[in-house]
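Reviewing the structure listed below.
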Amino acid sequence: MTAVSLGFTDSARDALPDLLRADERASLAAVADLLIPHTDQMPSGSEADVQGEFIDRVLSVRPDLLDAVRTGLAQVEEPLPADFAELDARGLSGLRALAEAVTAAYFLNPDVAKLVGYRKRSAIPIRFDEDLDDLVASVTGRGPIYRPTPGLGPSHANS
Amino acid sequence: MQHSAASEKADVVIVGAGPAGAVAARKFVEDGYRVVCIEQGDWPDYTESHVADEYLELSAGKQWNPQPSVRQAFSDYPIDTTESDVEPLIWNGVGGSTVMYAGIWMRLMPSDFRVRSLDGVADDWPLSYEDLAPYYEQIERDFGVSGYPGDPAFPDIDAYPMKPAPIGAAGRMMAEAHNRLGWHWWPGSNAIATEDYRNQGACVQRGACMWGCINKSKASPDVTHWPDLLNQGVRLVTRATAQEIETDSRGLATAVVYVDGDGVTRRQEADLVVLAANGLGTPRLLQLSTSKRFPNGLANGSGMVGKRLMMHPFATVVGVFDEKLDPWKSVWGQPIYSLEFYETVKERGFVRGAKWNVTPTGGPQSMTAAFPWGGKSIWGERFHETVRERLGHSLAWGIVAEDLPEEHNRVELDHSTRDGSGLPGVKMIYRTSKNTKDLLAFNVDRAAESLREAGASQTIVAPMIRETGWHILGTATMGNDPGSSVVDGYGRAHEVPNLIIVDGSTWPTSSGMNPTPTIAAFSLRAAEHAVAQRGSQAVAS
């Protein structure tokens, strides 16, 4: 197993070959903005640097996605559509995989993560529920709901 | 290919180091047997887990994906699914598919063992709920199960080893909705330690059980069984692909032939051969084991090897809520479950039923996925709004539907493909029946009703999802009649007295439950029976 597939680290990223060409990154930026546009509250795909650091991070963990990104970008021919609806209408076979890679890159940006309120899972020690007896009281109050093994007792289910 | 001399003879050789194999290995070694286990995969590498970093959802798309055709690990054999409605989900390695399961822990109900007697369809099992109950209790201790005793959907669950995980905001909301509807629900039972327990650490509620539980809270045999079994002297051979079960002139099993990690063909002789290779791997190995005496595959005089494949088609219904639920801040498995629509009610127009469990919907990337949200693109102008609506504000009912056995649903050898050791792959031929589709449609409607009662502003149905074939059952069915079944109620092959099958391929019917507890309990009962019969056991000379 190579260092790259173990997960992203700064040193691993530095060691990566430049996976995408400059023209591919420019194209990725443009497509990213069609997929994820700018709003008053949220940056667009390119504003979140999907085409730079964050697609590299995606590919550091999922090198298998490189082909999907490349294929998707190659299918988006000039002139670029005006919006996502127009892009979607072209029916490109590689769009879904490209969109998923762009989306993953977008949410890896810590500023975006902060805005949506999710970066990663956190450890939450268990505090047991203390009121389960009360909460299940109506369930237990209705009695058994299973059909017993034939010959072993009366049926409880409503069938 | 190189060939090697046989290894030292064992008392028992087990094929498969998942839950069925691990449970059998424990019973045999504790009774003094010399045990060897042949496992085609390797140990899970939790250093590759991303549950604690921001790459969790990305890793679930490849390295920690349960679909062999996506993961494409060295241990995954080719499976042709072009004629199947469902994709099989399997993890081949030490711990088996429990390495990637959610840890949902459900016993079967008594009626599951008596489908013919009660509902007039399929077959009864040659054992009853009561026969299995003491083994469930033992297995629940061995797998570190947490839960809340007293569910009136079962006769006698009086205790669990640990208290249940918190049901969380999402579970509580759905529990209260079901209380208003007068519908059954119960705090979730999970093979997840809620305190430090034997080899398991206390759960820290990352809601990432299926993608490499680094706390080892979730019970999979690589955590709960194998470290101890190795200390007890079980010999575990990893990266070893079983090729054939050899038999002698009397039709008794003599050895498992396997290809090791170096490509060397080896024979492991033993008095007993135990198969625990799951509903695809077990019939595959039987079908590969042809001889003059067994021209149609080993133990296949009934012709049932590979047939009656059941897959538990699975649906989800998602609810989107105004309330902030952050549902991933809990166990992923099942914070709560419902068996309200489990038993047969003939007026519904189908037999049998389904089990539901609340399941979280995940992080931001999951909010854009085709599953469970449907295939409609969400990008463009609606992107931010859609993510905002769903993220932290949604949960799903996962619906496990009972699937009845049909002989045309089957697994066959596929001679057009080869695995890494040169063996043929398998082909699944599986079509979902009308009863199962009707059953799912009814339950999907009721689940939407449940979510609306809880206040959902939207409900989204994923009616039957292809990539959910976790439960692969029925392909070496048990029964009392050697003419229509492969093994008896103790897993012994009718035709090969020293061959025992202990995995889910033995199931005559599928129930609507997550099967691991019953697979494990059955394996323990089968191994215990073999130990008890040791004095009269026929073995190859």
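Labeling convention for the structure tokens: chains A, B, ... as they appear, residues from 1 per chain, ligands from 1 in order of appearance.
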
Starting from chain A, keep only residues with some atom at most 7 Å from an atom of chain B, counting only C-alpha atoms, and report them as a VMD selection string. chain A and resid 6 34 to 37 84 103 to 104 108 119 to 129 138 to 140 143 to 149 159

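Proximity to Gly425 of chain B at 7 Å, evaluated using only C-alpha atoms and with sequence-adjacent residues fewer than 5 positions away removed, yields Tyr77, Pro78, Ile79, Leu413, Asp414, His415, Thr417, Arg418 and Asp419 of chain B.
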
Residues from the last selection, N, CA and C atoms, saved as a PDB file, in the first residue's frame:
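See part_38.pdb below for the written result:
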```pdb
ATOM      1  N   TYR B  77     -13.753 -12.437  -5.354  1.00  0.00           N
ATOM      2  CA  TYR B  77     -13.883 -13.237  -6.572  1.00  0.00           C
ATOM      3  C   TYR B  77     -14.943 -12.619  -7.474  1.00  0.00           C
ATOM      4  N   PRO B  78     -14.892 -12.908  -8.789  1.00  0.00           N
ATOM      5  CA  PRO B  78     -15.840 -12.284  -9.721  1.00  0.00           C
ATOM      6  C   PRO B  78     -17.264 -12.796  -9.484  1.00  0.00           C
ATOM      7  N   ILE B  79     -18.217 -11.873  -9.496  1.00  0.00           N
ATOM      8  CA  ILE B  79     -19.632 -12.225  -9.340  1.00  0.00           C
ATOM      9  C   ILE B  79     -20.401 -11.546 -10.469  1.00  0.00           C
ATOM     10  N   LEU B 413     -21.718 -21.660 -10.900  1.00  0.00           N
ATOM     11  CA  LEU B 413     -20.333 -21.352 -11.293  1.00  0.00           C
ATOM     12  C   LEU B 413     -20.349 -20.584 -12.610  1.00  0.00           C
ATOM     13  N   ASP B 414     -19.430 -19.649 -12.723  1.00  0.00           N
ATOM     14  CA  ASP B 414     -19.291 -18.891 -13.970  1.00  0.00           C
ATOM     15  C   ASP B 414     -17.905 -19.198 -14.554  1.00  0.00           C
ATOM     16  N   HIS B 415     -17.893 -20.093 -15.518  1.00  0.00           N
ATOM     17  CA  HIS B 415     -16.605 -20.530 -16.075  1.00  0.00           C
ATOM     18  C   HIS B 415     -15.993 -19.489 -17.015  1.00  0.00           C
ATOM     19  N   THR B 417     -15.253 -16.497 -16.003  1.00  0.00           N
ATOM     20  CA  THR B 417     -14.391 -15.608 -15.203  1.00  0.00           C
ATOM     21  C   THR B 417     -13.529 -16.456 -14.279  1.00  0.00           C
ATOM     22  N   ARG B 418     -12.457 -15.863 -13.794  1.00  0.00           N
ATOM     23  CA  ARG B 418     -11.528 -16.549 -12.884  1.00  0.00           C
ATOM     24  C   ARG B 418     -11.141 -15.592 -11.760  1.00  0.00           C
ATOM     25  N   ASP B 419     -10.989 -16.134 -10.551  1.00  0.00           N
ATOM     26  CA  ASP B 419     -10.476 -15.307  -9.454  1.00  0.00           C
ATOM     27  C   ASP B 419      -8.945 -15.313  -9.487  1.00  0.00           C
TER      28      ASP B 419
END
```

Near-Arg239 of chain B list (7 Å; only C-alpha atoms; drop same-chain fewer than 6 positions) as a PyMOL selection string: chain B and resi 39-42+260-261

Output for the residues just chosen: all heavy atoms as a compact mmCIF listing (two decimals), in the first residue's frame:
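Printed below is selection-v6.txt as written:
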```
# COMPACT_ATOMS: atom_id res chain seq x y z
N GLU B 39 -8.88 -18.99 5.18
CA GLU B 39 -9.57 -17.73 4.90
C GLU B 39 -8.96 -17.09 3.66
O GLU B 39 -7.75 -16.86 3.61
CB GLU B 39 -9.45 -16.80 6.12
CG GLU B 39 -9.84 -15.35 5.88
CD GLU B 39 -11.23 -15.19 5.27
OE1 GLU B 39 -12.20 -15.70 5.84
OE2 GLU B 39 -11.32 -14.54 4.20
N GLN B 40 -9.80 -16.76 2.69
CA GLN B 40 -9.26 -16.24 1.42
C GLN B 40 -8.74 -14.80 1.53
O GLN B 40 -7.87 -14.39 0.77
CB GLN B 40 -10.30 -16.33 0.32
CG GLN B 40 -11.50 -15.44 0.52
CD GLN B 40 -12.65 -15.79 -0.42
OE1 GLN B 40 -12.41 -16.27 -1.51
NE2 GLN B 40 -13.86 -15.57 0.02
N GLY B 41 -9.26 -14.04 2.49
CA GLY B 41 -8.81 -12.66 2.64
C GLY B 41 -7.78 -12.52 3.74
O GLY B 41 -7.18 -13.49 4.19
N ASP B 42 -7.59 -11.27 4.16
CA ASP B 42 -6.61 -10.98 5.20
C ASP B 42 -7.33 -10.25 6.35
O ASP B 42 -8.53 -10.02 6.31
CB ASP B 42 -5.48 -10.12 4.63
CG ASP B 42 -4.14 -10.42 5.28
OD1 ASP B 42 -4.15 -10.81 6.47
OD2 ASP B 42 -3.11 -10.25 4.61
N ASP B 260 -2.53 -21.18 -1.48
CA ASP B 260 -2.11 -20.19 -0.48
C ASP B 260 -1.66 -18.89 -1.14
O ASP B 260 -1.70 -18.75 -2.37
CB ASP B 260 -1.04 -20.79 0.45
CG ASP B 260 0.33 -20.91 -0.21
OD1 ASP B 260 0.53 -20.38 -1.32
OD2 ASP B 260 1.22 -21.53 0.41
N GLY B 261 -1.24 -17.95 -0.32
CA GLY B 261 -0.90 -16.62 -0.81
C GLY B 261 0.26 -16.59 -1.78
O GLY B 261 0.44 -15.63 -2.52
```

If we count only C-alpha atoms and set the cut-off at 9 Å, which residues sit around Ala24 of chain B, ignoring sequence neighbours fewer than 2 positions away in its own chain? Please answer as a PyMOL selection string. chain B and resi 14+19-22+26-29+274+276+502+520+523-528

I need the residues in segment 42-183 of chain B that are alpha helix (DSSP H) according to DSSP; give them as a ChimeraX atom specification. /B:56-59,68-71,115-119,129-142,168-181
